[in-house]
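Raw protein28.pdb, PDB, N, CA and C atoms:
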ATOM      1  N   MET T   1       0.826  -1.189   0.000
ATOM      2  CA  MET T   1       0.000   0.000   0.000
ATOM      3  C   MET T   1       0.875   1.260   0.000
ATOM      4  N   VAL T   2       1.893   1.275   0.881
ATOM      5  CA  VAL T   2       2.787   2.433   0.958
ATOM      6  C   VAL T   2       3.547   2.605  -0.350
ATOM      7  N   ALA T   3       3.975   1.478  -0.938
ATOM      8  CA  ALA T   3       4.714   1.551  -2.204
ATOM      9  C   ALA T   3       3.845   2.138  -3.304
ATOM     10  N   VAL T   4       2.576   1.792  -3.318
ATOM     11  CA  VAL T   4       1.661   2.328  -4.326
ATOM     12  C   VAL T   4       1.494   3.827  -4.138
ATOM     13  N   LEU T   5       1.346   4.261  -2.881
ATOM     14  CA  LEU T   5       1.217   5.691  -2.603
ATOM     15  C   LEU T   5       2.469   6.454  -3.003
ATOM     16  N   ARG T   6       3.629   5.857  -2.694
ATOM     17  CA  ARG T   6       4.883   6.516  -3.078
ATOM     18  C   ARG T   6       4.993   6.652  -4.578
ATOM     19  N   ALA T   7       4.674   5.580  -5.300
ATOM     20  CA  ALA T   7       4.773   5.615  -6.762
ATOM     21  C   ALA T   7       3.824   6.657  -7.341
ATOM     22  N   SER T   8       2.603   6.726  -6.815
ATOM     23  CA  SER T   8       1.651   7.700  -7.348
ATOM     24  C   SER T   8       2.080   9.127  -7.010
ATOM     25  N   MET T   9       2.629   9.330  -5.800
ATOM     26  CA  MET T   9       3.085  10.669  -5.441
ATOM     27  C   MET T   9       4.300  11.080  -6.263
ATOM     28  N   ARG T  10       5.184  10.109  -6.562
ATOM     29  CA  ARG T  10       6.329  10.424  -7.431
ATOM     30  C   ARG T  10       5.848  10.869  -8.801
ATOM     31  N   GLY T  11       4.828  10.186  -9.296
ATOM     32  CA  GLY T  11       4.273  10.562 -10.592
ATOM     33  C   GLY T  11       3.693  11.962 -10.576
ATOM     34  N   ILE T  12       2.998  12.287  -9.505
ATOM     35  CA  ILE T  12       2.412  13.623  -9.371
ATOM     36  C   ILE T  12       3.510  14.672  -9.297
ATOM     37  N   VAL T  13       4.522  14.419  -8.481
ATOM     38  CA  VAL T  13       5.621  15.375  -8.338
ATOM     39  C   VAL T  13       6.348  15.543  -9.660
ATOM     40  N   THR T  14       6.571  14.448 -10.379
ATOM     41  CA  THR T  14       7.252  14.525 -11.676
ATOM     42  C   THR T  14       6.424  15.333 -12.663
ATOM     43  N   THR T  15       5.128  15.088 -12.690
ATOM     44  CA  THR T  15       4.244  15.815 -13.603
ATOM     45  C   THR T  15       4.216  17.292 -13.261
ATOM     46  N   ILE T  16       4.094  17.605 -11.982
ATOM     47  CA  ILE T  16       4.079  19.011 -11.565
ATOM     48  C   ILE T  16       5.430  19.643 -11.870
ATOM     49  N   GLY T  17       6.499  18.919 -11.573
ATOM     50  CA  GLY T  17       7.845  19.434 -11.779
ATOM     51  C   GLY T  17       8.154  19.695 -13.243
ATOM     52  N   ALA T  18       7.600  18.890 -14.145
ATOM     53  CA  ALA T  18       7.873  19.059 -15.567
ATOM     54  C   ALA T  18       7.302  20.373 -16.092
ATOM     55  N   GLY T  19       6.222  20.851 -15.509
ATOM     56  CA  GLY T  19       5.593  22.076 -15.980
ATOM     57  C   GLY T  19       6.108  23.327 -15.301
ATOM     58  N   MET T  20       7.030  23.202 -14.394
ATOM     59  CA  MET T  20       7.530  24.368 -13.662
ATOM     60  C   MET T  20       8.674  25.051 -14.398
ATOM     61  N   SER T  21       8.760  26.337 -14.231
ATOM     62  CA  SER T  21       9.852  27.091 -14.839
ATOM     63  C   SER T  21      11.072  27.038 -13.936
ATOM     64  N   ARG T  22      12.194  27.572 -14.410
ATOM     65  CA  ARG T  22      13.424  27.579 -13.617
ATOM     66  C   ARG T  22      13.267  28.377 -12.326
ATOM     67  N   SER T  23      12.440  29.377 -12.340
ATOM     68  CA  SER T  23      12.287  30.206 -11.151
ATOM     69  C   SER T  23      11.549  29.473 -10.029
ATOM     70  N   SER T  24      10.891  28.396 -10.360
ATOM     71  CA  SER T  24      10.138  27.662  -9.338
ATOM     72  C   SER T  24      10.816  26.351  -8.938
ATOM     73  N   VAL T  25      12.124  26.256  -9.204
ATOM     74  CA  VAL T  25      12.865  25.048  -8.823
ATOM     75  C   VAL T  25      12.839  24.868  -7.307
ATOM     76  N   GLY T  26      12.908  25.952  -6.553
ATOM     77  CA  GLY T  26      12.842  25.875  -5.092
ATOM     78  C   GLY T  26      11.508  25.317  -4.616
ATOM     79  N   ALA T  27      10.430  25.726  -5.282
ATOM     80  CA  ALA T  27       9.106  25.211  -4.917
ATOM     81  C   ALA T  27       9.016  23.723  -5.228
ATOM     82  N   LYS T  28       9.633  23.317  -6.318
ATOM     83  CA  LYS T  28       9.636  21.899  -6.693
ATOM     84  C   LYS T  28      10.370  21.077  -5.634
ATOM     85  N   GLY T  29      11.520  21.579  -5.174
ATOM     86  CA  GLY T  29      12.280  20.896  -4.131
ATOM     87  C   GLY T  29      11.504  20.827  -2.823
ATOM     88  N   ALA T  30      10.823  21.900  -2.489
ATOM     89  CA  ALA T  30      10.030  21.928  -1.266
ATOM     90  C   ALA T  30       8.874  20.929  -1.346
ATOM     91  N   LEU T  31       8.256  20.835  -2.512
ATOM     92  CA  LEU T  31       7.165  19.877  -2.704
ATOM     93  C   LEU T  31       7.683  18.445  -2.582
ATOM     94  N   ARG T  32       8.830  18.178  -3.173
ATOM     95  CA  ARG T  32       9.417  16.837  -3.059
ATOM     96  C   ARG T  32       9.728  16.489  -1.613
ATOM     97  N   LYS T  33      10.297  17.447  -0.875
ATOM     98  CA  LYS T  33      10.625  17.204   0.540
ATOM     99  C   LYS T  33       9.358  16.947   1.341
ATOM    100  N   LEU T  34       8.310  17.702   1.082
ATOM    101  CA  LEU T  34       7.048  17.508   1.781
ATOM    102  C   LEU T  34       6.498  16.105   1.530
ATOM    103  N   VAL T  35       6.491  15.684   0.269
ATOM    104  CA  VAL T  35       5.980  14.357  -0.083
ATOM    105  C   VAL T  35       6.844  13.283   0.573
ATOM    106  N   ARG T  36       8.162  13.454   0.530
ATOM    107  CA  ARG T  36       9.066  12.477   1.135
ATOM    108  C   ARG T  36       8.822  12.382   2.640
ATOM    109  N   ASP T  37       8.669  13.520   3.298
ATOM    110  CA  ASP T  37       8.449  13.517   4.741
ATOM    111  C   ASP T  37       7.094  12.916   5.121
ATOM    112  N   LEU T  38       6.090  13.128   4.298
ATOM    113  CA  LEU T  38       4.766  12.581   4.591
ATOM    114  C   LEU T  38       4.721  11.067   4.467
ATOM    115  N   PHE T  39       5.475  10.513   3.532
ATOM    116  CA  PHE T  39       5.382   9.085   3.253
ATOM    117  C   PHE T  39       6.621   8.300   3.661
ATOM    118  N   ASP T  40       7.503   8.894   4.459
ATOM    119  CA  ASP T  40       8.694   8.202   4.927
ATOM    120  C   ASP T  40       8.315   7.299   6.099
ATOM    121  N   PRO T  41       8.562   5.991   5.994
ATOM    122  CA  PRO T  41       8.152   5.081   7.063
ATOM    123  C   PRO T  41       9.058   5.122   8.300
ATOM    124  N   TYR T  42      10.225   5.737   8.212
ATOM    125  CA  TYR T  42      11.158   5.762   9.341
ATOM    126  C   TYR T  42      10.687   6.750  10.397
ATOM    127  N   ARG T  43      10.468   6.271  11.594
ATOM    128  CA  ARG T  43      10.020   7.108  12.694
ATOM    129  C   ARG T  43      10.968   6.906  13.865
ATOM    130  N   PRO T  44      12.059   7.683  13.965
ATOM    131  CA  PRO T  44      13.068   7.446  14.999
ATOM    132  C   PRO T  44      12.525   7.552  16.416
ATOM    133  N   GLU T  45      11.491   8.353  16.630
ATOM    134  CA  GLU T  45      10.979   8.492  17.991
ATOM    135  C   GLU T  45      10.394   7.191  18.526
ATOM    136  N   LEU T  46      10.080   6.247  17.642
ATOM    137  CA  LEU T  46       9.556   4.955  18.086
ATOM    138  C   LEU T  46      10.652   4.059  18.644
ATOM    139  N   TYR T  47      11.902   4.366  18.374
ATOM    140  CA  TYR T  47      13.002   3.494  18.750
ATOM    141  C   TYR T  47      13.835   4.017  19.909
ATOM    142  N   TYR T  48      13.605   5.236  20.343
ATOM    143  CA  TYR T  48      14.392   5.794  21.424
ATOM    144  C   TYR T  48      13.974   5.180  22.752
ATOM    145  N   MET T  49      14.941   5.005  23.634
ATOM    146  CA  MET T  49      14.620   4.488  24.967
ATOM    147  C   MET T  49      13.884   5.564  25.760
ATOM    148  N   ARG T  50      12.970   5.129  26.577
ATOM    149  CA  ARG T  50      12.158   6.075  27.328
ATOM    150  C   ARG T  50      12.515   6.119  28.807
ATOM    151  N   GLY T  51      13.534   5.395  29.213
ATOM    152  CA  GLY T  51      13.934   5.408  30.601
ATOM    153  C   GLY T  51      14.298   4.011  31.063
ATOM    154  N   PRO T  52      14.681   3.879  32.319
ATOM    155  CA  PRO T  52      15.092   2.573  32.823
ATOM    156  C   PRO T  52      13.922   1.600  32.864
ATOM    157  N   GLY T  53      14.227   0.342  32.588
ATOM    158  CA  GLY T  53      13.208  -0.694  32.566
ATOM    159  C   GLY T  53      13.225  -1.542  33.823
ATOM    160  N   PRO T  54      12.479  -2.633  33.798
ATOM    161  CA  PRO T  54      12.359  -3.474  34.985
ATOM    162  C   PRO T  54      13.685  -4.083  35.439
ATOM    163  N   ARG T  55      14.581  -4.417  34.494
ATOM    164  CA  ARG T  55      15.883  -4.984  34.887
ATOM    165  C   ARG T  55      16.684  -3.969  35.699
ATOM    166  N   SER T  56      16.622  -2.732  35.308
ATOM    167  CA  SER T  56      17.330  -1.674  36.029
ATOM    168  C   SER T  56      16.764  -1.508  37.434
ATOM    169  N   HIS T  57      15.444  -1.578  37.552
ATOM    170  CA  HIS T  57      14.806  -1.443  38.865
ATOM    171  C   HIS T  57      15.181  -2.616  39.773
ATOM    172  N   GLU T  58      15.245  -3.837  39.202
ATOM    173  CA  GLU T  58      15.663  -5.015  39.976
ATOM    174  C   GLU T  58      17.091  -4.838  40.479
ATOM    175  N   LYS T  59      17.961  -4.419  39.575
ATOM    176  CA  LYS T  59      19.385  -4.285  39.876
ATOM    177  C   LYS T  59      19.630  -3.235  40.963
ATOM    178  N   ASN T  60      18.864  -2.168  40.957
ATOM    179  CA  ASN T  60      19.071  -1.067  41.886
ATOM    180  C   ASN T  60      18.121  -1.099  43.078
ATOM    181  N   GLY T  61      17.494  -2.226  43.320
ATOM    182  CA  GLY T  61      16.619  -2.350  44.476
ATOM    183  C   GLY T  61      15.340  -1.535  44.364
ATOM    184  N   GLY T  62      14.841  -1.336  43.164
ATOM    185  CA  GLY T  62      13.587  -0.610  42.975
ATOM    186  C   GLY T  62      13.741   0.889  42.962
ATOM    187  N   LEU T  63      14.959   1.372  43.110
ATOM    188  CA  LEU T  63      15.192   2.811  43.106
ATOM    189  C   LEU T  63      15.364   3.307  41.679
ATOM    190  N   HIS T  64      14.789   4.429  41.409
ATOM    191  CA  HIS T  64      14.945   5.056  40.096
ATOM    192  C   HIS T  64      16.157   5.972  40.149
ATOM    193  N   ILE T  65      17.179   5.634  39.378
ATOM    194  CA  ILE T  65      18.380   6.462  39.327
ATOM    195  C   ILE T  65      18.363   7.212  38.011
ATOM    196  N   GLY T  66      18.424   8.463  38.043
ATOM    197  CA  GLY T  66      18.390   9.184  36.785
ATOM    198  C   GLY T  66      18.568  10.584  37.013
TER     199      GLY T  66
END

In structure tokens, write the structure found in this file.
Amino acid sequence: MVAVLRASMRGIVTTIGAGMSRSSVGAKGALRKLVRDLFDPYRPELYYMRGPGPRSHEKNGGLHIG
């Protein structure tokens, strides 16, 4: 599903980009970045640690060290 959306958005960006003049190259780049950011599956905030876990609490006698 994501691949289909990416392919269709690439087609739209290419079509829009083909009709743009040289003065609107910046707008074309901004549009590409927007599309890339909207459909990028990488979400680093999902992988960051959120604090000590149960093993840390066991090791430190239930005390939160931080």

Mind giving me the straight-line distance from CA of Tyr47 in chain T to CA of Arg32 in chain T in Å, one decimal? 25.8 Å

Point-to-point distance in Å for CA of Glu45 in chain T and CA of Ala30 in chain T: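 Separation between CA of Ala30 in chain T and CA of Glu45 in chain T: 23.5 Å.
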
To one decimal place, how far is CA of Asp37 in chain T from atom C of Val25 in chain T in Å? 17.1 Å

Provide an axis-aligned box for all listed atoms of range 44-62 of chain T, padding each side by 8 Å; report its centre and its edge lengths in Å to one decimal, as AutoDock Vina command-line options.
--center_x 14.6 --center_y 1.7 --center_z 29.2 --size_x 26.1 --size_y 29.5 --size_z 46.5

Missing atoms in range 35-46 of chain T need filling: write out all heavy atoms for it as a PDB file, in the coordinates of the input.
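Now in rebuild.pdb:
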ATOM      1  N   VAL T  35       6.491  15.684   0.269  1.00  0.00           N
ATOM      2  CA  VAL T  35       5.980  14.357  -0.083  1.00  0.00           C
ATOM      3  C   VAL T  35       6.844  13.283   0.573  1.00  0.00           C
ATOM      4  O   VAL T  35       6.326  12.318   1.147  1.00  0.00           O
ATOM      5  CB  VAL T  35       5.927  14.178  -1.613  1.00  0.00           C
ATOM      6  CG1 VAL T  35       5.647  12.738  -1.988  1.00  0.00           C
ATOM      7  CG2 VAL T  35       4.879  15.104  -2.209  1.00  0.00           C
ATOM      8  N   ARG T  36       8.162  13.454   0.530  1.00  0.00           N
ATOM      9  CA  ARG T  36       9.066  12.477   1.135  1.00  0.00           C
ATOM     10  C   ARG T  36       8.822  12.382   2.640  1.00  0.00           C
ATOM     11  O   ARG T  36       8.755  11.298   3.209  1.00  0.00           O
ATOM     12  CB  ARG T  36      10.517  12.855   0.854  1.00  0.00           C
ATOM     13  CG  ARG T  36      11.507  11.809   1.352  1.00  0.00           C
ATOM     14  CD  ARG T  36      12.934  12.211   1.133  1.00  0.00           C
ATOM     15  NE  ARG T  36      13.247  13.372   1.961  1.00  0.00           N
ATOM     16  CZ  ARG T  36      13.816  14.476   1.524  1.00  0.00           C
ATOM     17  NH1 ARG T  36      14.175  14.596   0.271  1.00  0.00           N
ATOM     18  NH2 ARG T  36      14.053  15.487   2.333  1.00  0.00           N
ATOM     19  N   ASP T  37       8.669  13.520   3.298  1.00  0.00           N
ATOM     20  CA  ASP T  37       8.449  13.517   4.741  1.00  0.00           C
ATOM     21  C   ASP T  37       7.094  12.916   5.121  1.00  0.00           C
ATOM     22  O   ASP T  37       6.972  12.260   6.142  1.00  0.00           O
ATOM     23  CB  ASP T  37       8.556  14.937   5.303  1.00  0.00           C
ATOM     24  CG  ASP T  37       9.973  15.470   5.273  1.00  0.00           C
ATOM     25  OD1 ASP T  37      10.908  14.665   5.065  1.00  0.00           O
ATOM     26  OD2 ASP T  37      10.143  16.691   5.453  1.00  0.00           O
ATOM     27  N   LEU T  38       6.090  13.128   4.298  1.00  0.00           N
ATOM     28  CA  LEU T  38       4.766  12.581   4.591  1.00  0.00           C
ATOM     29  C   LEU T  38       4.721  11.067   4.467  1.00  0.00           C
ATOM     30  O   LEU T  38       3.992  10.393   5.188  1.00  0.00           O
ATOM     31  CB  LEU T  38       3.717  13.196   3.663  1.00  0.00           C
ATOM     32  CG  LEU T  38       3.331  14.638   3.958  1.00  0.00           C
ATOM     33  CD1 LEU T  38       2.389  15.153   2.873  1.00  0.00           C
ATOM     34  CD2 LEU T  38       2.679  14.760   5.319  1.00  0.00           C
ATOM     35  N   PHE T  39       5.475  10.513   3.532  1.00  0.00           N
ATOM     36  CA  PHE T  39       5.382   9.085   3.253  1.00  0.00           C
ATOM     37  C   PHE T  39       6.621   8.300   3.661  1.00  0.00           C
ATOM     38  O   PHE T  39       6.778   7.151   3.283  1.00  0.00           O
ATOM     39  CB  PHE T  39       5.086   8.860   1.766  1.00  0.00           C
ATOM     40  CG  PHE T  39       3.722   9.361   1.392  1.00  0.00           C
ATOM     41  CD1 PHE T  39       3.578  10.581   0.765  1.00  0.00           C
ATOM     42  CD2 PHE T  39       2.601   8.631   1.715  1.00  0.00           C
ATOM     43  CE1 PHE T  39       2.316  11.054   0.434  1.00  0.00           C
ATOM     44  CE2 PHE T  39       1.336   9.104   1.397  1.00  0.00           C
ATOM     45  CZ  PHE T  39       1.198  10.314   0.755  1.00  0.00           C
ATOM     46  N   ASP T  40       7.503   8.894   4.459  1.00  0.00           N
ATOM     47  CA  ASP T  40       8.694   8.202   4.927  1.00  0.00           C
ATOM     48  C   ASP T  40       8.315   7.299   6.099  1.00  0.00           C
ATOM     49  O   ASP T  40       7.806   7.782   7.107  1.00  0.00           O
ATOM     50  CB  ASP T  40       9.749   9.219   5.363  1.00  0.00           C
ATOM     51  CG  ASP T  40      11.067   8.572   5.742  1.00  0.00           C
ATOM     52  OD1 ASP T  40      11.254   7.384   5.413  1.00  0.00           O
ATOM     53  OD2 ASP T  40      11.897   9.254   6.350  1.00  0.00           O
ATOM     54  N   PRO T  41       8.562   5.991   5.994  1.00  0.00           N
ATOM     55  CA  PRO T  41       8.152   5.081   7.063  1.00  0.00           C
ATOM     56  C   PRO T  41       9.058   5.122   8.300  1.00  0.00           C
ATOM     57  O   PRO T  41       8.695   4.604   9.342  1.00  0.00           O
ATOM     58  CB  PRO T  41       8.235   3.699   6.409  1.00  0.00           C
ATOM     59  CG  PRO T  41       9.274   3.845   5.362  1.00  0.00           C
ATOM     60  CD  PRO T  41       9.136   5.274   4.863  1.00  0.00           C
ATOM     61  N   TYR T  42      10.225   5.737   8.212  1.00  0.00           N
ATOM     62  CA  TYR T  42      11.158   5.762   9.341  1.00  0.00           C
ATOM     63  C   TYR T  42      10.687   6.750  10.397  1.00  0.00           C
ATOM     64  O   TYR T  42      10.494   7.924  10.127  1.00  0.00           O
ATOM     65  CB  TYR T  42      12.562   6.130   8.859  1.00  0.00           C
ATOM     66  CG  TYR T  42      13.559   6.196   9.987  1.00  0.00           C
ATOM     67  CD1 TYR T  42      13.838   5.075  10.745  1.00  0.00           C
ATOM     68  CD2 TYR T  42      14.213   7.376  10.286  1.00  0.00           C
ATOM     69  CE1 TYR T  42      14.754   5.130  11.790  1.00  0.00           C
ATOM     70  CE2 TYR T  42      15.123   7.445  11.319  1.00  0.00           C
ATOM     71  CZ  TYR T  42      15.392   6.313  12.066  1.00  0.00           C
ATOM     72  OH  TYR T  42      16.283   6.376  13.095  1.00  0.00           O
ATOM     73  N   ARG T  43      10.468   6.271  11.594  1.00  0.00           N
ATOM     74  CA  ARG T  43      10.020   7.108  12.694  1.00  0.00           C
ATOM     75  C   ARG T  43      10.968   6.906  13.865  1.00  0.00           C
ATOM     76  O   ARG T  43      10.755   6.041  14.709  1.00  0.00           O
ATOM     77  CB  ARG T  43       8.605   6.704  13.116  1.00  0.00           C
ATOM     78  CG  ARG T  43       7.552   6.718  12.025  1.00  0.00           C
ATOM     79  CD  ARG T  43       6.848   8.044  11.888  1.00  0.00           C
ATOM     80  NE  ARG T  43       6.381   8.588  13.119  1.00  0.00           N
ATOM     81  CZ  ARG T  43       5.199   8.341  13.670  1.00  0.00           C
ATOM     82  NH1 ARG T  43       4.350   7.541  13.101  1.00  0.00           N
ATOM     83  NH2 ARG T  43       4.863   8.915  14.804  1.00  0.00           N
ATOM     84  N   PRO T  44      12.059   7.683  13.965  1.00  0.00           N
ATOM     85  CA  PRO T  44      13.068   7.446  14.999  1.00  0.00           C
ATOM     86  C   PRO T  44      12.525   7.552  16.416  1.00  0.00           C
ATOM     87  O   PRO T  44      13.012   6.882  17.316  1.00  0.00           O
ATOM     88  CB  PRO T  44      14.126   8.507  14.738  1.00  0.00           C
ATOM     89  CG  PRO T  44      13.466   9.536  13.921  1.00  0.00           C
ATOM     90  CD  PRO T  44      12.381   8.845  13.144  1.00  0.00           C
ATOM     91  N   GLU T  45      11.491   8.353  16.630  1.00  0.00           N
ATOM     92  CA  GLU T  45      10.979   8.492  17.991  1.00  0.00           C
ATOM     93  C   GLU T  45      10.394   7.191  18.526  1.00  0.00           C
ATOM     94  O   GLU T  45      10.248   7.015  19.738  1.00  0.00           O
ATOM     95  CB  GLU T  45       9.944   9.623  18.078  1.00  0.00           C
ATOM     96  CG  GLU T  45       8.650   9.359  17.344  1.00  0.00           C
ATOM     97  CD  GLU T  45       8.669   9.748  15.878  1.00  0.00           C
ATOM     98  OE1 GLU T  45       9.737  10.074  15.343  1.00  0.00           O
ATOM     99  OE2 GLU T  45       7.596   9.722  15.257  1.00  0.00           O
ATOM    100  N   LEU T  46      10.080   6.247  17.642  1.00  0.00           N
ATOM    101  CA  LEU T  46       9.556   4.955  18.086  1.00  0.00           C
ATOM    102  C   LEU T  46      10.652   4.059  18.644  1.00  0.00           C
ATOM    103  O   LEU T  46      10.349   3.059  19.300  1.00  0.00           O
ATOM    104  CB  LEU T  46       8.861   4.244  16.922  1.00  0.00           C
ATOM    105  CG  LEU T  46       7.648   4.953  16.332  1.00  0.00           C
ATOM    106  CD1 LEU T  46       7.106   4.151  15.162  1.00  0.00           C
ATOM    107  CD2 LEU T  46       6.577   5.163  17.381  1.00  0.00           C
TER     108      LEU T  46
END
